[in-house]
file upload_31.cif (mmCIF, C-alpha atoms)
data_query
loop_
_atom_site.label_atom_id
_atom_site.label_comp_id
_atom_site.auth_asym_id
_atom_site.auth_seq_id
_atom_site.Cartn_x
_atom_site.Cartn_y
_atom_site.Cartn_z
CA MET A 184 74.83 116.65 91.53
CA LEU A 185 76.98 114.01 93.17
CA ARG A 186 80.52 114.12 91.88
CA ASN A 187 82.55 111.03 91.17
CA ARG A 188 85.66 110.68 93.27
CA LEU A 189 89.18 109.79 92.24
CA ILE A 190 90.96 107.93 95.01
CA THR A 191 94.53 106.74 95.35
CA VAL A 192 95.32 103.57 97.29
CA LEU A 193 98.67 103.18 99.03
CA THR A 194 99.78 99.83 100.46
CA PHE A 195 102.45 99.63 103.14
CA ASN A 196 104.50 96.66 104.30
CA ASP A 197 106.23 97.30 107.63
CA GLY A 198 105.88 101.02 107.01
CA THR A 199 107.33 100.98 103.45
CA LEU A 200 105.20 101.81 100.41
CA PHE A 201 104.76 98.76 98.17
CA ARG A 202 103.26 98.21 94.75
CA THR A 203 100.26 95.91 94.88
CA LYS A 204 100.91 93.39 92.12
CA LEU A 205 104.43 92.19 92.88
CA PHE A 206 104.62 93.67 96.36
CA GLU A 207 107.76 95.57 95.43
CA PRO A 208 108.91 98.54 97.50
CA ASP A 209 108.75 102.04 96.05
CA TYR A 210 110.61 104.65 98.05
CA ARG A 211 109.88 107.69 95.87
CA TYR A 212 106.69 109.01 97.44
CA THR A 213 106.45 111.94 99.83
CA HIS A 214 103.38 113.12 101.69
CA ASN A 215 103.45 116.47 99.93
CA PHE A 216 103.73 114.80 96.53
CA VAL A 217 100.62 112.75 97.24
CA ASP A 218 98.72 115.82 98.38
CA SER A 219 99.75 117.71 95.23
CA TRP A 220 97.88 115.21 93.07
CA SER A 221 94.54 116.89 93.89
CA VAL A 222 93.20 113.50 94.93
CA ASP A 223 89.74 113.38 96.53
CA GLU A 224 90.58 110.72 99.09
CA ILE A 225 93.41 108.39 100.09
CA VAL A 226 93.08 104.76 101.13
CA ILE A 227 96.04 103.51 103.18
CA LEU A 228 96.30 99.77 103.73
CA ASP A 229 98.69 97.77 105.88
CA ILE A 230 99.63 94.64 103.89
CA THR A 231 102.15 93.33 106.42
CA ARG A 232 101.46 89.60 106.42
CA ASP A 233 102.79 88.73 109.86
CA PRO A 234 99.74 89.05 112.18
CA ASN A 235 102.06 89.54 115.13
CA ALA A 236 104.11 92.31 113.54
CA ASP A 237 104.47 95.61 115.36
CA LYS A 238 101.99 98.04 113.77
CA ARG A 239 103.66 101.18 115.10
CA ALA A 240 105.42 101.86 111.78
CA PHE A 241 102.08 101.77 109.98
CA TYR A 242 100.40 103.95 112.61
CA ASP A 243 103.23 106.48 112.15
CA VAL A 244 102.53 106.52 108.39
CA VAL A 245 98.83 107.22 108.98
CA THR A 246 99.60 109.95 111.51
CA GLN A 247 101.96 111.71 109.09
CA PHE A 248 99.43 111.56 106.28
CA ALA A 249 96.72 112.90 108.58
CA LYS A 250 98.95 115.87 109.45
CA GLU A 251 100.10 116.70 105.93
CA CYS A 252 97.30 115.65 103.54
CA PHE A 253 94.05 117.54 103.83
CA VAL A 254 91.77 114.95 102.28
CA PRO A 255 89.79 112.11 103.90
CA LEU A 256 91.84 109.05 104.87
CA ALA A 257 90.39 105.55 104.81
CA VAL A 258 92.65 103.17 106.71
CA GLY A 259 92.69 99.38 106.92
CA GLY A 260 94.68 96.20 107.25
CA GLY A 261 94.36 93.60 109.98
CA ILE A 262 91.21 95.03 111.56
CA ARG A 263 89.53 92.21 113.47
CA THR A 264 87.88 94.02 116.40
CA LEU A 265 86.24 97.32 117.23
CA ASP A 266 89.34 98.16 119.27
CA ASP A 267 91.45 97.72 116.12
CA ALA A 268 89.15 100.15 114.34
CA ARG A 269 89.34 102.61 117.24
CA GLN A 270 93.13 102.56 117.03
CA MET A 271 93.04 103.30 113.29
CA MET A 272 90.73 106.24 113.92
CA ALA A 273 92.86 107.44 116.83
CA VAL A 274 96.01 107.73 114.71
CA GLY A 275 94.26 109.76 112.02
CA GLY A 276 91.87 107.65 109.95
CA ASP A 277 88.53 109.16 108.90
CA LYS A 278 87.16 105.79 107.76
CA VAL A 279 88.15 102.18 108.37
CA VAL A 280 88.41 99.49 105.70
CA VAL A 281 87.60 95.93 106.69
CA ASN A 282 88.11 92.80 104.64
CA SER A 283 89.09 89.44 106.17
CA GLY A 284 87.93 90.51 109.62
CA ALA A 285 84.43 91.10 108.27
CA VAL A 286 84.42 87.73 106.49
CA GLU A 287 85.41 86.02 109.74
CA ARG A 288 82.90 87.99 111.81
CA PRO A 289 80.36 90.01 109.80
CA LYS A 290 79.07 91.69 112.96
CA LEU A 291 82.29 93.71 112.93
CA ILE A 292 80.79 95.89 110.19
CA THR A 293 77.79 96.67 112.39
CA GLU A 294 79.98 97.43 115.40
CA ILE A 295 82.00 99.97 113.43
CA ALA A 296 78.90 101.53 111.87
CA GLU A 297 77.21 101.87 115.25
CA ALA A 298 80.32 103.38 116.85
CA TYR A 299 81.26 105.85 114.11
CA GLY A 300 78.43 105.92 111.59
CA SER A 301 78.03 103.90 108.42
CA GLN A 302 79.98 106.52 106.45
CA CYS A 303 83.08 105.34 108.32
CA ALA A 304 82.66 101.63 107.56
CA VAL A 305 84.12 100.55 104.21
CA LEU A 306 83.80 96.90 103.20
CA SER A 307 86.67 95.80 100.96
CA VAL A 308 85.85 92.85 98.69
CA ASP A 309 88.55 90.90 96.85
CA ALA A 310 87.14 88.76 94.05
CA ARG A 311 88.49 86.21 91.59
CA LYS A 312 86.84 84.68 88.55
CA SER A 313 85.18 81.37 89.40
CA GLU A 314 83.40 78.67 87.45
CA SER A 315 81.90 77.16 90.60
CA LEU A 316 79.48 80.04 91.29
CA ASP A 317 76.67 81.24 89.06
CA SER A 318 77.94 84.80 89.48
CA GLY A 319 81.18 83.91 87.72
CA TYR A 320 83.17 85.43 90.57
CA GLU A 321 83.99 84.44 94.14
CA VAL A 322 85.03 86.52 97.14
CA PHE A 323 88.42 85.66 98.62
CA SER A 324 89.83 86.74 101.97
CA HIS A 325 93.21 86.67 103.75
CA PHE A 326 95.26 88.46 101.08
CA ALA A 327 92.97 86.96 98.42
CA GLY A 328 94.20 83.48 99.32
CA GLN A 329 91.14 81.87 100.90
CA PRO A 330 87.88 81.22 99.02
CA THR A 331 84.73 82.15 100.89
CA GLY A 332 82.02 80.63 98.70
CA LYS A 333 80.36 84.06 98.52
CA ALA A 334 79.41 85.87 95.34
CA PRO A 335 80.68 89.50 95.29
CA GLY A 336 77.22 91.04 94.81
CA ASP A 337 75.70 88.94 97.58
CA TRP A 338 78.49 89.75 100.02
CA ALA A 339 78.36 93.45 99.15
CA LEU A 340 74.60 93.51 99.77
CA GLU A 341 75.03 91.70 103.06
CA GLY A 342 77.70 94.22 104.03
CA GLU A 343 75.37 97.10 103.19
CA LYS A 344 72.62 95.59 105.34
CA LEU A 345 75.11 95.18 108.19
CA GLY A 346 75.95 98.88 108.02
CA ALA A 347 78.74 99.39 105.50
CA GLY A 348 78.54 102.85 103.96
CA GLU A 349 80.79 102.04 101.03
CA ILE A 350 82.00 98.96 99.17
CA MET A 351 85.48 98.72 97.62
CA ILE A 352 85.62 95.98 94.97
CA THR A 353 88.99 94.65 93.80
CA SER A 354 89.58 92.27 90.92
CA VAL A 355 92.47 90.08 92.01
CA GLU A 356 93.34 89.14 88.42
CA ARG A 357 93.45 92.78 87.32
CA ASP A 358 95.59 93.97 90.23
CA GLY A 359 98.65 95.72 88.83
CA SER A 360 97.75 94.84 85.23
CA LEU A 361 97.09 98.39 83.98
CA GLN A 362 94.57 96.73 81.60
CA GLY A 363 91.47 98.46 82.94
CA TYR A 364 88.86 97.58 85.56
CA ASP A 365 86.90 94.33 85.39
CA LEU A 366 83.71 96.11 84.39
CA ALA A 367 81.48 93.03 84.63
CA LEU A 368 82.60 92.53 88.23
CA CYS A 369 82.07 96.21 89.00
CA ARG A 370 78.53 96.12 87.58
CA GLN A 371 77.71 93.00 89.55
CA VAL A 372 78.43 94.90 92.75
CA THR A 373 77.06 98.32 91.80
CA GLU A 374 73.76 96.74 90.72
CA ALA A 375 73.47 94.84 94.01
CA VAL A 376 73.80 97.77 96.44
CA THR A 377 72.64 101.35 96.89
CA VAL A 378 75.75 102.64 98.70
CA PRO A 379 78.74 104.07 96.80
CA VAL A 380 81.05 101.51 95.21
CA LEU A 381 84.77 102.11 94.80
CA GLY A 382 86.49 100.19 92.00
CA MET A 383 90.08 99.04 92.41
CA ALA A 384 92.68 97.18 90.31
CA GLY A 385 93.58 97.56 86.66
CA ALA A 386 93.55 101.29 85.87
CA GLY A 387 96.33 102.12 83.44
CA ASN A 388 95.14 105.34 81.79
CA TRP A 389 92.54 108.05 82.14
CA LYS A 390 90.13 106.27 79.77
CA HIS A 391 89.83 103.45 82.28
CA PHE A 392 88.50 105.90 84.88
CA VAL A 393 85.73 106.97 82.50
CA GLU A 394 84.88 103.34 81.71
CA GLY A 395 84.71 102.53 85.42
CA VAL A 396 82.07 105.21 85.95
CA GLU A 397 80.09 104.91 82.72
CA GLN A 398 80.22 101.15 82.20
CA GLY A 399 80.97 99.85 85.68
CA GLY A 400 78.60 102.14 87.55
CA LEU A 401 81.32 103.15 90.03
CA SER A 402 80.94 106.12 92.34
CA ALA A 403 84.70 106.35 92.78
CA VAL A 404 87.66 105.05 90.80
CA CYS A 405 90.71 103.91 92.72
CA THR A 406 94.21 103.33 91.53
CA GLN A 407 97.69 102.79 92.79
CA ASN A 408 100.21 101.32 90.40
CA ILE A 409 99.66 103.86 87.64
CA TYR A 410 101.36 106.43 89.86
CA HIS A 411 104.41 104.22 90.30
CA PHE A 412 104.94 104.08 86.53
CA THR A 413 103.98 107.60 85.48
CA GLU A 414 104.55 111.05 86.87
CA THR A 415 101.26 112.42 85.57
CA SER A 416 98.87 113.88 88.08
CA ILE A 417 95.32 113.27 89.20
CA ALA A 418 94.57 116.84 88.10
CA SER A 419 95.13 115.77 84.47
CA ALA A 420 92.96 112.69 84.99
CA LYS A 421 90.14 114.83 86.33
CA LYS A 422 90.32 117.24 83.40
CA PHE A 423 90.09 114.26 81.04
CA MET A 424 87.10 112.87 82.93
CA GLU A 425 85.33 116.23 82.93
CA LYS A 426 85.75 116.50 79.15
CA LYS A 427 84.10 113.10 78.84
CA GLY A 428 81.10 114.31 80.85
CA ILE A 429 82.00 112.75 84.21
CA PRO A 430 81.24 115.15 87.10
CA VAL A 431 84.37 115.48 89.23
CA ARG A 432 85.78 118.02 91.67
CA LEU A 433 88.48 120.06 89.92
#

call {"tool": "encode", "arguments": {"input": "upload_31.cif", "output": "structure tokens"}}
result
Amino acid sequence: MLRNRLITVLTFNDGTLFRTKLFEPDYRYTHNFVDSWSVDEIVILDITRDPNADKRAFYDVVTQFAKECFVPLAVGGGIRTLDDARQMMAVGGDKVVVNSGAVERPKLITEIAEAYGSQCAVLSVDARKSESLDSGYEVFSHFAGQPTGKAPGDWALEGEKLGAGEIMITSVERDGSLQGYDLALCRQVTEAVTVPVLGMAGAGNWKHFVEGVEQGGLSAVCTQNIYHFTETSIASAKKFMEKKGIPVRL
């Protein structure tokens, strides 16, 4: 039986951990604290907006996590070329997450999949509600600031055909809200592809994880901000999910 994963997402700006919604710094984390959560996987994203910024601080963060946290690391932020992906893998990433770079040049997904295997290519999709598309949602790129004209399900399916082994779907409106996942958006993506789908943005309690799996069809539930506001652990979340019949690794 395939077990559902619980993943934490950490966003860094110039090497400092930031909350996603308001992009506020949070200096309380330590690598050992993160590892103690019993998380299944960690996604580490560089949200530094200056494209010319020195990435060494972010690479140092990834290297430290790779040394101290014994779970898979998916790493992304500013990946535009295969060389960018190689650098992320070289400093400790097990997977690479692509977003705007894949929108600009979809072949990037194929290049990464061919170089490292599709299991290493994660397509991140940021979506907003939209009245202009029949899907009701539209994919946005470049820090969710540029509309693409693509429907999330269509873009996810295209990404899968290009070689992406996983899709990470983020509801821009739900980011940091703690109101729960946008389940309709999640279903739109999970019903369009056969690869695992990771849901991001909105989780505020353990019930939302269960809803993401049961109602959204997610293979993995991701969260970040809940751990900035509570000191409860992923171990407790997993016990709650198991009691609700969700297969997880305890």

call {"tool": "atom_distance", "arguments": {"input": "upload_31.cif", "atom1": "CA of Asp277 (chain A)", "atom2": "CA of Lys344 (chain A)"}}
result
21.2 Å

call {"tool": "atom_distance", "arguments": {"input": "upload_31.cif", "atom1": "CA of Asp337 (chain A)", "atom2": "CA of Arg232 (chain A)"}}
result
27.2 Å

call {"tool": "residues_around", "arguments": {"input": "upload_31.cif", "residues": "Pro289 (chain A)", "least_positions_apart": "6", "cutoff": "9 Å", "atoms": "all atoms listed in the file", "output": "tab-separated table (two decimals) with C-alpha atoms, in the coordinates of the input"}}
result
chain	number	residue	atom	x	y	z
A	341	GLU	CA	75.03	91.70	103.06
A	342	GLY	CA	77.70	94.22	104.03
A	345	LEU	CA	75.11	95.18	108.19

call {"tool": "resolve_selection", "arguments": {"input": "upload_31.cif", "expression": "the PyMOL selection byres ((chain A and resi 254-269) around 7)", "output": "PyMOL selection string"}}
result
chain A and resi 223-230+252-253+270-273+276-281+284+291+294-295

call {"tool": "residues_around", "arguments": {"input": "upload_31.cif", "residues": "region 357-369 of chain A", "least_positions_apart": "4", "cutoff": "9 Å", "atoms": "all atoms listed in the file", "output": "ChimeraX atom specification"}}
result
/A:202-205,310,312,319-320,335-336,352-353,373-374,380-388,390-392,394-395,398-401,407-409

call {"tool": "write_last_selection", "arguments": {"input": "upload_31.cif", "atoms": "C-alpha atoms", "output": "short mmCIF file (atom, residue, chain, number, x, y, z; two decimals), in the frame of the given file"}}
result
data_model
loop_
_atom_site.label_atom_id
_atom_site.label_comp_id
_atom_site.auth_asym_id
_atom_site.auth_seq_id
_atom_site.Cartn_x
_atom_site.Cartn_y
_atom_site.Cartn_z
CA ARG A 202 103.26 98.21 94.75
CA THR A 203 100.26 95.91 94.88
CA LYS A 204 100.91 93.39 92.12
CA LEU A 205 104.43 92.19 92.88
CA ALA A 310 87.14 88.76 94.05
CA LYS A 312 86.84 84.68 88.55
CA GLY A 319 81.18 83.91 87.72
CA TYR A 320 83.17 85.43 90.57
CA PRO A 335 80.68 89.50 95.29
CA GLY A 336 77.22 91.04 94.81
CA ILE A 352 85.62 95.98 94.97
CA THR A 353 88.99 94.65 93.80
CA THR A 373 77.06 98.32 91.80
CA GLU A 374 73.76 96.74 90.72
CA VAL A 380 81.05 101.51 95.21
CA LEU A 381 84.77 102.11 94.80
CA GLY A 382 86.49 100.19 92.00
CA MET A 383 90.08 99.04 92.41
CA ALA A 384 92.68 97.18 90.31
CA GLY A 385 93.58 97.56 86.66
CA ALA A 386 93.55 101.29 85.87
CA GLY A 387 96.33 102.12 83.44
CA ASN A 388 95.14 105.34 81.79
CA LYS A 390 90.13 106.27 79.77
CA HIS A 391 89.83 103.45 82.28
CA PHE A 392 88.50 105.90 84.88
CA GLU A 394 84.88 103.34 81.71
CA GLY A 395 84.71 102.53 85.42
CA GLN A 398 80.22 101.15 82.20
CA GLY A 399 80.97 99.85 85.68
CA GLY A 400 78.60 102.14 87.55
CA LEU A 401 81.32 103.15 90.03
CA GLN A 407 97.69 102.79 92.79
CA ASN A 408 100.21 101.32 90.40
CA ILE A 409 99.66 103.86 87.64
#

call {"tool": "atom_distance", "arguments": {"input": "upload_31.cif", "atom1": "CA of Gln302 (chain A)", "atom2": "CA of Gly275 (chain A)"}}
result
15.7 Å

call {"tool": "closest_residue", "arguments": {"input": "upload_31.cif", "among": "A:Asp243, A:Val372, A:Ala298, A:Ile292", "to": "Val322 (chain A)", "atoms": "all atoms listed in the file"}}
result
A:Val372

call {"tool": "axis_aligned_box", "arguments": {"input": "upload_31.cif", "around": "region 239-242 of chain A", "padding_each_side": "6 Å", "output": "AutoDock Vina command-line options"}}
result
--center_x 102.9 --center_y 102.6 --center_z 112.5 --size_x 17.0 --size_y 14.8 --size_z 17.1

call {"tool": "residues_around", "arguments": {"input": "upload_31.cif", "residues": "Leu316 (chain A)", "least_positions_apart": "4", "cutoff": "8 Å", "atoms": "all atoms listed in the file", "output": "CSV table (one decimal) with C-alpha atoms, in the frame of the given file"}}
result
chain,number,residue,atom,x,y,z
A,320,TYR,CA,83.2,85.4,90.6
A,321,GLU,CA,84.0,84.4,94.1
A,332,GLY,CA,82.0,80.6,98.7
A,334,ALA,CA,79.4,85.9,95.3

call {"tool": "residues_around", "arguments": {"input": "upload_31.cif", "residues": "Val222 (chain A)", "least_positions_apart": "3", "cutoff": "7 Å", "atoms": "only C-alpha atoms", "output": "PyMOL selection string"}}
result
chain A and resi 189-191+218+417

call {"tool": "closest_residue", "arguments": {"input": "upload_31.cif", "among": "A:Leu200, A:Cys405, A:Ala420, A:Val378", "to": "Ala347 (chain A)", "atoms": "all atoms listed in the file"}}
result
A:Val378

call {"tool": "residues_near_point", "arguments": {"input": "upload_31.cif", "point": "(92.8, 83.9, 111.1)", "cutoff": "12 Å", "atoms": "all atoms listed in the file", "output": "list in words"}}
result
Arg232, Asp233, Pro234, Asn235, Gly261, Ile262, Arg263, Asn282, Ser283, Gly284, Ala285, Val286, Glu287, Arg288, Ser324, His325, Phe326, Gly328 and Gln329 of chain A

call {"tool": "write_last_selection", "arguments": {"input": "upload_31.cif", "atoms": "C-alpha atoms", "output": "PDB file, in the frame of the given file"}}
result
ATOM      1  CA  ARG A 232     101.460  89.600 106.420  1.00  0.00           C
ATOM      2  CA  ASP A 233     102.790  88.730 109.860  1.00  0.00           C
ATOM      3  CA  PRO A 234      99.740  89.050 112.180  1.00  0.00           C
ATOM      4  CA  ASN A 235     102.060  89.540 115.130  1.00  0.00           C
ATOM      5  CA  GLY A 261      94.360  93.600 109.980  1.00  0.00           C
ATOM      6  CA  ILE A 262      91.210  95.030 111.560  1.00  0.00           C
ATOM      7  CA  ARG A 263      89.530  92.210 113.470  1.00  0.00           C
ATOM      8  CA  ASN A 282      88.110  92.800 104.640  1.00  0.00           C
ATOM      9  CA  SER A 283      89.090  89.440 106.170  1.00  0.00           C
ATOM     10  CA  GLY A 284      87.930  90.510 109.620  1.00  0.00           C
ATOM     11  CA  ALA A 285      84.430  91.100 108.270  1.00  0.00           C
ATOM     12  CA  VAL A 286      84.420  87.730 106.490  1.00  0.00           C
ATOM     13  CA  GLU A 287      85.410  86.020 109.740  1.00  0.00           C
ATOM     14  CA  ARG A 288      82.900  87.990 111.810  1.00  0.00           C
ATOM     15  CA  SER A 324      89.830  86.740 101.970  1.00  0.00           C
ATOM     16  CA  HIS A 325      93.210  86.670 103.750  1.00  0.00           C
ATOM     17  CA  PHE A 326      95.260  88.460 101.080  1.00  0.00           C
ATOM     18  CA  GLY A 328      94.200  83.480  99.320  1.00  0.00           C
ATOM     19  CA  GLN A 329      91.140  81.870 100.900  1.00  0.00           C
TER      20      GLN A 329
END

call {"tool": "closest_residue", "arguments": {"input": "upload_31.cif", "among": "A:Thr377, A:Thr331, A:Ser221, A:Thr231", "to": "Phe201 (chain A)", "atoms": "all atoms listed in the file"}}
result
A:Thr231

call {"tool": "decode", "arguments": {"input": "upload_31.cif", "residues": "region 312-369 of chain A", "atoms": "C-alpha atoms", "output": "JSON list (two decimals), in the first residue's frame"}}
result
[["chain", "number", "residue", "atom", "x", "y", "z"],
["A", 312, "LYS", "CA", -9.02, 31.75, -9.26],
["A", 313, "SER", "CA", -10.00, 33.09, -12.67],
["A", 314, "GLU", "CA", -13.25, 33.89, -14.43],
["A", 315, "SER", "CA", -11.57, 34.03, -17.83],
["A", 316, "LEU", "CA", -10.87, 30.29, -18.07],
["A", 317, "ASP", "CA", -13.43, 27.48, -18.09],
["A", 318, "SER", "CA", -11.40, 25.70, -15.42],
["A", 319, "GLY", "CA", -12.06, 28.52, -12.96],
["A", 320, "TYR", "CA", -8.35, 28.75, -12.20],
["A", 321, "GLU", "CA", -5.28, 30.06, -14.02],
["A", 322, "VAL", "CA", -1.60, 29.24, -13.63],
["A", 323, "PHE", "CA", 0.63, 32.16, -12.66],
["A", 324, "SER", "CA", 4.42, 32.34, -12.78],
["A", 325, "HIS", "CA", 7.17, 34.66, -11.52],
["A", 326, "PHE", "CA", 6.20, 34.69, -7.84],
["A", 327, "ALA", "CA", 2.54, 34.25, -8.87],
["A", 328, "GLY", "CA", 2.61, 37.66, -10.53],
["A", 329, "GLN", "CA", 2.32, 36.82, -14.22],
["A", 330, "PRO", "CA", -0.71, 35.10, -15.78],
["A", 331, "THR", "CA", 0.08, 32.31, -18.21],
["A", 332, "GLY", "CA", -3.33, 31.61, -19.76],
["A", 333, "LYS", "CA", -2.93, 27.94, -18.76],
["A", 334, "ALA", "CA", -5.42, 25.94, -16.74],
["A", 335, "PRO", "CA", -3.78, 24.10, -13.80],
["A", 336, "GLY", "CA", -4.93, 20.63, -14.91],
["A", 337, "ASP", "CA", -3.78, 21.19, -18.48],
["A", 338, "TRP", "CA", -0.37, 22.48, -17.41],
["A", 339, "ALA", "CA", 0.07, 19.65, -14.92],
["A", 340, "LEU", "CA", -0.74, 17.08, -17.63],
["A", 341, "GLU", "CA", 1.67, 18.75, -20.03],
["A", 342, "GLY", "CA", 4.32, 18.66, -17.32],
["A", 343, "GLU", "CA", 3.73, 14.96, -16.75],
["A", 344, "LYS", "CA", 4.09, 14.26, -20.47],
["A", 345, "LEU", "CA", 7.32, 16.26, -20.51],
["A", 346, "GLY", "CA", 8.73, 14.08, -17.74],
["A", 347, "ALA", "CA", 7.72, 15.54, -14.38],
["A", 348, "GLY", "CA", 7.48, 12.83, -11.75],
["A", 349, "GLU", "CA", 5.48, 14.92, -9.31],
["A", 350, "ILE", "CA", 3.26, 17.99, -9.38],
["A", 351, "MET", "CA", 3.10, 20.49, -6.50],
["A", 352, "ILE", "CA", -0.07, 22.59, -6.69],
["A", 353, "THR", "CA", -0.31, 25.84, -4.70],
["A", 354, "SER", "CA", -3.41, 27.97, -4.27],
["A", 355, "VAL", "CA", -2.15, 31.55, -4.20],
["A", 356, "GLU", "CA", -5.27, 32.80, -2.41],
["A", 357, "ARG", "CA", -4.96, 30.16, 0.32],
["A", 358, "ASP", "CA", -1.25, 30.73, 0.95],
["A", 359, "GLY", "CA", -0.77, 31.47, 4.64],
["A", 360, "SER", "CA", -4.51, 31.50, 5.33],
["A", 361, "LEU", "CA", -4.64, 28.40, 7.58],
["A", 362, "GLN", "CA", -8.18, 27.93, 6.17],
["A", 363, "GLY", "CA", -7.56, 24.57, 4.50],
["A", 364, "TYR", "CA", -6.53, 23.50, 1.00],
["A", 365, "ASP", "CA", -8.48, 24.60, -2.07],
["A", 366, "LEU", "CA", -9.91, 21.13, -2.60],
["A", 367, "ALA", "CA", -11.55, 21.93, -5.95],
["A", 368, "LEU", "CA", -8.19, 23.08, -7.30],
["A", 369, "CYS", "CA", -6.47, 20.00, -5.90]]
